[in-house]
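J.: Sharing data-v5.cif below, mmCIF, C-alpha atoms; chains and numbers go by the auth columns:
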```
data_coords
loop_
_atom_site.group_PDB
_atom_site.id
_atom_site.type_symbol
_atom_site.label_atom_id
_atom_site.label_comp_id
_atom_site.label_asym_id
_atom_site.label_seq_id
_atom_site.Cartn_x
_atom_site.Cartn_y
_atom_site.Cartn_z
_atom_site.B_iso_or_equiv
_atom_site.auth_seq_id
_atom_site.auth_asym_id
ATOM 1 C CA MET A 1 88.733 57.201 24.954 0.00 16 A
ATOM 2 C CA TRP A 2 86.515 54.815 23.020 0.00 17 A
ATOM 3 C CA SER A 3 84.349 56.014 20.192 0.00 18 A
ATOM 4 C CA SER A 4 80.659 55.232 20.296 0.00 19 A
ATOM 5 C CA ARG A 5 81.164 52.888 17.345 0.00 20 A
ATOM 6 C CA ASP A 6 83.723 50.823 19.289 0.00 21 A
ATOM 7 C CA THR A 7 81.373 50.673 22.256 0.00 22 A
ATOM 8 C CA PHE A 8 78.517 49.548 20.017 0.00 23 A
ATOM 9 C CA GLU A 9 80.587 46.865 18.288 0.00 24 A
ATOM 10 C CA ASN A 10 81.979 45.529 21.575 0.00 25 A
ATOM 11 C CA ASP A 11 78.566 45.444 23.254 0.00 26 A
ATOM 12 C CA ILE A 12 77.687 41.887 24.258 0.00 27 A
ATOM 13 C CA CYS A 13 74.128 40.675 24.719 0.00 28 A
ATOM 14 C CA PRO A 14 73.615 39.813 28.405 0.00 29 A
ATOM 15 C CA VAL A 15 71.366 36.813 27.609 0.00 30 A
ATOM 16 C CA LYS A 16 71.719 33.847 25.257 0.00 31 A
ATOM 17 C CA ASP A 17 70.789 34.404 21.627 0.00 32 A
ATOM 18 C CA ASP A 18 67.999 31.818 21.913 0.00 33 A
ATOM 19 C CA LEU A 19 66.285 33.776 24.705 0.00 34 A
ATOM 20 C CA LEU A 20 66.678 37.076 22.863 0.00 35 A
ATOM 21 C CA GLY A 21 65.188 35.496 19.733 0.00 36 A
ATOM 22 C CA ALA A 22 62.286 34.065 21.720 0.00 37 A
ATOM 23 C CA MET A 23 61.609 37.505 23.210 0.00 38 A
ATOM 24 C CA TYR A 24 61.748 39.109 19.770 0.00 39 A
ATOM 25 C CA ARG A 25 59.251 36.601 18.367 0.00 40 A
ATOM 26 C CA ALA A 26 56.969 36.480 21.427 0.00 41 A
ATOM 27 C CA ASN A 27 53.531 38.005 21.280 0.00 42 A
ATOM 28 C CA GLU A 28 52.384 40.562 23.829 0.00 43 A
ATOM 29 C CA HIS A 29 50.951 37.852 26.096 0.00 44 A
ATOM 30 C CA GLY A 30 54.010 35.567 26.190 0.00 45 A
ATOM 31 C CA LEU A 31 56.652 38.274 26.518 0.00 46 A
ATOM 32 C CA PRO A 32 56.070 39.110 30.219 0.00 47 A
ATOM 33 C CA GLN A 33 56.780 35.484 31.227 0.00 48 A
ATOM 34 C CA LEU A 34 60.043 35.492 29.282 0.00 49 A
ATOM 35 C CA ILE A 35 61.072 38.837 30.787 0.00 50 A
ATOM 36 C CA ALA A 36 60.241 37.627 34.301 0.00 51 A
ATOM 37 C CA SER A 37 62.620 34.679 33.839 0.00 52 A
ATOM 38 C CA VAL A 38 65.615 37.068 33.754 0.00 53 A
ATOM 39 C CA ALA A 39 67.262 38.532 36.881 0.00 54 A
ATOM 40 C CA PRO A 40 66.496 42.253 37.491 0.00 55 A
ATOM 41 C CA ASP A 41 70.050 43.526 36.868 0.00 56 A
ATOM 42 C CA VAL A 42 70.435 41.419 33.709 0.00 57 A
ATOM 43 C CA ARG A 43 66.998 42.619 32.605 0.00 58 A
ATOM 44 C CA ALA A 44 68.170 46.239 32.858 0.00 59 A
ATOM 45 C CA MET A 45 71.320 45.431 30.862 0.00 60 A
ATOM 46 C CA LEU A 46 69.177 43.692 28.251 0.00 61 A
ATOM 47 C CA ALA A 47 66.823 46.681 27.981 0.00 62 A
ATOM 48 C CA LEU A 48 69.812 48.977 27.386 0.00 63 A
ATOM 49 C CA PHE A 49 71.331 46.517 24.903 0.00 64 A
ATOM 50 C CA CYS A 50 68.089 46.409 22.898 0.00 65 A
ATOM 51 C CA TYR A 51 67.612 50.179 23.095 0.00 66 A
ATOM 52 C CA ARG A 52 70.932 50.726 21.295 0.00 67 A
ATOM 53 C CA ARG A 53 69.561 48.831 18.282 0.00 68 A
ATOM 54 C CA SER A 54 66.788 50.547 16.370 0.00 69 A
ATOM 55 C CA HIS A 55 65.067 47.319 15.317 0.00 70 A
ATOM 56 C CA LEU A 56 64.764 46.300 18.998 0.00 71 A
ATOM 57 C CA HIS A 57 63.403 49.582 20.434 0.00 72 A
ATOM 58 C CA THR A 58 59.923 48.168 21.041 0.00 73 A
ATOM 59 C CA LEU A 59 61.398 45.182 22.831 0.00 74 A
ATOM 60 C CA ALA A 60 63.651 47.498 24.870 0.00 75 A
ATOM 61 C CA LEU A 61 60.632 49.500 26.045 0.00 76 A
ATOM 62 C CA SER A 62 58.770 46.325 27.013 0.00 77 A
ATOM 63 C CA ILE A 63 61.733 45.042 29.003 0.00 78 A
ATOM 64 C CA ALA A 64 62.439 48.439 30.605 0.00 79 A
ATOM 65 C CA SER A 65 58.833 48.678 31.787 0.00 80 A
ATOM 66 C CA SER A 66 59.594 45.792 34.150 0.00 81 A
ATOM 67 C CA CYS A 67 62.870 47.308 35.436 0.00 82 A
ATOM 68 C CA SER A 68 63.390 49.601 38.383 0.00 83 A
ATOM 69 C CA GLU A 69 64.505 53.146 37.731 0.00 84 A
ATOM 70 C CA ARG A 70 67.516 52.623 39.985 0.00 85 A
ATOM 71 C CA ASP A 71 68.780 49.636 37.957 0.00 86 A
ATOM 72 C CA LEU A 72 68.391 51.429 34.634 0.00 87 A
ATOM 73 C CA ILE A 73 70.098 54.600 35.861 0.00 88 A
ATOM 74 C CA GLN A 74 72.886 52.689 37.598 0.00 89 A
ATOM 75 C CA LEU A 75 73.703 50.709 34.448 0.00 90 A
ATOM 76 C CA GLY A 76 72.837 53.265 31.768 0.00 91 A
ATOM 77 C CA GLY A 77 73.110 56.743 33.279 0.00 92 A
ATOM 78 C CA ARG A 78 71.117 59.314 31.308 0.00 93 A
ATOM 79 C CA VAL A 79 70.201 56.755 28.694 0.00 94 A
ATOM 80 C CA GLY A 80 68.789 54.532 31.425 0.00 95 A
ATOM 81 C CA SER A 81 66.795 57.439 32.836 0.00 96 A
ATOM 82 C CA THR A 82 65.413 58.244 29.394 0.00 97 A
ATOM 83 C CA LEU A 83 64.595 54.616 28.755 0.00 98 A
ATOM 84 C CA PHE A 84 62.748 54.400 32.076 0.00 99 A
ATOM 85 C CA ALA A 85 60.685 57.502 31.241 0.00 100 A
ATOM 86 C CA LEU A 86 59.877 56.252 27.728 0.00 101 A
ATOM 87 C CA SER A 87 58.813 52.859 29.034 0.00 102 A
ATOM 88 C CA ARG A 88 56.373 54.514 31.447 0.00 103 A
ATOM 89 C CA ALA A 89 54.966 57.014 28.934 0.00 104 A
ATOM 90 C CA VAL A 90 51.346 56.606 27.953 0.00 105 A
ATOM 91 C CA ARG A 91 51.219 54.842 24.618 0.00 106 A
ATOM 92 C CA GLN A 92 48.629 55.626 21.989 0.00 107 A
ATOM 93 C CA PRO A 93 46.669 52.504 21.050 0.00 108 A
ATOM 94 C CA HIS A 94 47.445 51.258 17.565 0.00 109 A
ATOM 95 C CA ALA A 95 45.074 49.364 15.364 0.00 110 A
ATOM 96 C CA ALA A 96 46.459 45.831 15.006 0.00 111 A
ATOM 97 C CA PRO A 97 50.213 46.289 15.474 0.00 112 A
ATOM 98 C CA ALA A 98 52.297 44.475 12.889 0.00 113 A
ATOM 99 C CA ALA A 99 55.018 42.079 13.965 0.00 114 A
ATOM 100 C CA HIS A 100 57.702 43.774 11.880 0.00 115 A
ATOM 101 C CA GLY A 101 56.937 47.453 12.123 0.00 116 A
ATOM 102 C CA GLN A 102 54.192 49.851 11.245 0.00 117 A
ATOM 103 C CA ARG A 103 53.796 49.889 7.477 0.00 118 A
ATOM 104 C CA LYS A 104 51.203 51.978 5.749 0.00 119 A
ATOM 105 C CA PRO A 105 48.750 49.940 3.689 0.00 120 A
ATOM 106 C CA ILE A 106 49.136 49.970 -0.054 0.00 121 A
ATOM 107 C CA THR A 107 46.308 51.685 -1.883 0.00 122 A
ATOM 108 C CA LEU A 108 45.528 51.395 -5.552 0.00 123 A
ATOM 109 C CA SER A 109 44.039 54.147 -7.653 0.00 124 A
ATOM 110 C CA THR A 110 40.368 53.914 -8.519 0.00 125 A
ATOM 111 C CA ARG A 111 40.567 56.597 -11.215 0.00 126 A
ATOM 112 C CA PRO A 112 41.051 55.624 -14.858 0.00 127 A
ATOM 113 C CA LEU A 113 44.527 55.840 -16.259 0.00 128 A
ATOM 114 C CA SER A 114 45.461 59.132 -17.855 0.00 129 A
ATOM 115 C CA THR A 115 44.672 59.405 -21.525 0.00 130 A
ATOM 116 C CA PHE A 116 47.096 60.933 -23.940 0.00 131 A
ATOM 117 C CA ALA A 117 46.419 62.337 -27.383 0.00 132 A
ATOM 118 C CA PRO A 118 47.528 59.920 -30.108 0.00 133 A
ATOM 119 C CA LEU A 119 50.900 60.620 -31.625 0.00 134 A
ATOM 120 C CA ASP A 120 51.032 61.680 -35.253 0.00 135 A
ATOM 121 C CA ASP A 121 53.521 59.253 -36.768 0.00 136 A
ATOM 122 C CA GLN A 122 53.264 60.532 -40.334 0.00 137 A
ATOM 123 C CA ILE A 123 56.116 62.615 -41.637 0.00 138 A
ATOM 124 C CA ASP A 124 55.223 65.631 -43.747 0.00 139 A
ATOM 125 C CA ASP A 125 56.818 65.716 -47.175 0.00 140 A
ATOM 126 C CA ASP A 126 58.504 69.126 -46.636 0.00 141 A
ATOM 127 C CA GLU A 127 59.939 68.012 -43.288 0.00 142 A
ATOM 128 C CA ALA A 128 61.282 64.697 -44.536 0.00 143 A
ATOM 129 C CA VAL A 129 64.976 64.267 -44.013 0.00 144 A
ATOM 130 C CA LEU A 130 66.832 62.071 -46.392 0.00 145 A
ATOM 131 C CA ILE A 131 69.226 59.729 -44.795 0.00 146 A
ATOM 132 C CA PRO A 132 72.180 58.828 -47.026 0.00 147 A
ATOM 133 C CA ALA A 133 72.528 55.128 -47.667 0.00 148 A
#
```
Would you mind writing the structure in this file as structure tokens?
T.:
Amino acid sequence: MWSSRDTFENDICPVKDDLLGAMYRANEHGLPQLIASVAPDVRAMLALFCYRRSHLHTLALSIASSCSERDLIQLGGRVGSTLFALSRAVRQPHAAPAAHGQRKPITLSTRPLSTFAPLDDQIDDDEAVLIPA
């Protein structure tokens, strides 16, 4: 029996690297044309391939939304069924989606920096410690 790690490492992309890269870089208007250029069974394999990689989940959902439930289930079993359901789920609209993930904006403080009481650098005569030379 193969471990899931062996299966993951031996998984081969069903399309050429150039096409996968073009799909990854495509905007939301150009992606449907690229997806339509792939045969339905290969499209389902590609959706499952991308779904197994966390950085390609969004692409997997876009590809799976153009696949039939039968193809996804036949090639992916429960994972294919889940992928089909996720691709058909109602998505919440995002404000200006970023190309490389959803990062929170960086905010800078508008309050003044904390103030500290000045340090007393003077040594009292009775507390002075003589250091032998």
J.: Give me, please, the distance in Å between atom CA of A:His72 and atom CA of A:Arg118, quoted to one decimal.
T.: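 The value is 16.1 Å.
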J.: Report the residues retrieved by the PyMOL selection byres ((chain A and resi 94) around 12) from the displayed file, expressed as a ChimeraX atom specification.
T.: /A:59-60,62-64,66-67,75,79,84,86-93,95-101
J.: Give me, as a count of residues only, all polymer residues having an atom no more than 10 Å from A:Val30, counting all atoms listed in the file and skipping those fewer than 4 positions away in the same chain.
T.: 7
J.: Name the residues that the PyMOL selection byres ((chain A and resi 47) around 12) picks from the file above, as an MDAnalysis selection string, using the file's chain letters and numbers.
T.: chainID A and resid 37:39 41:46 48:53 58 74 77:82
J.: From the set A:Asp56, A:Ser102, A:Cys65, A:Arg40, which residue has the shortest atom-to-atom contact distance to A:Ile27, counting only C-alpha atoms?
T.: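 Of all the options, A:Cys65 lies closest to A:Ile27.
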J.: Rounded to one decimal, what separation in Å do you get between atom CA of A:Asp33 and atom CA of A:Ser83?
T.: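 Distance between the two atoms: 24.7 Å.
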J.: Tell me, in Å to one decimal, how far atom CA of A:Arg103 is from atom CA of A:Leu76.
T.: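 Separation of atom CA of A:Arg103 and atom CA of A:Leu76: 8.5 Å.
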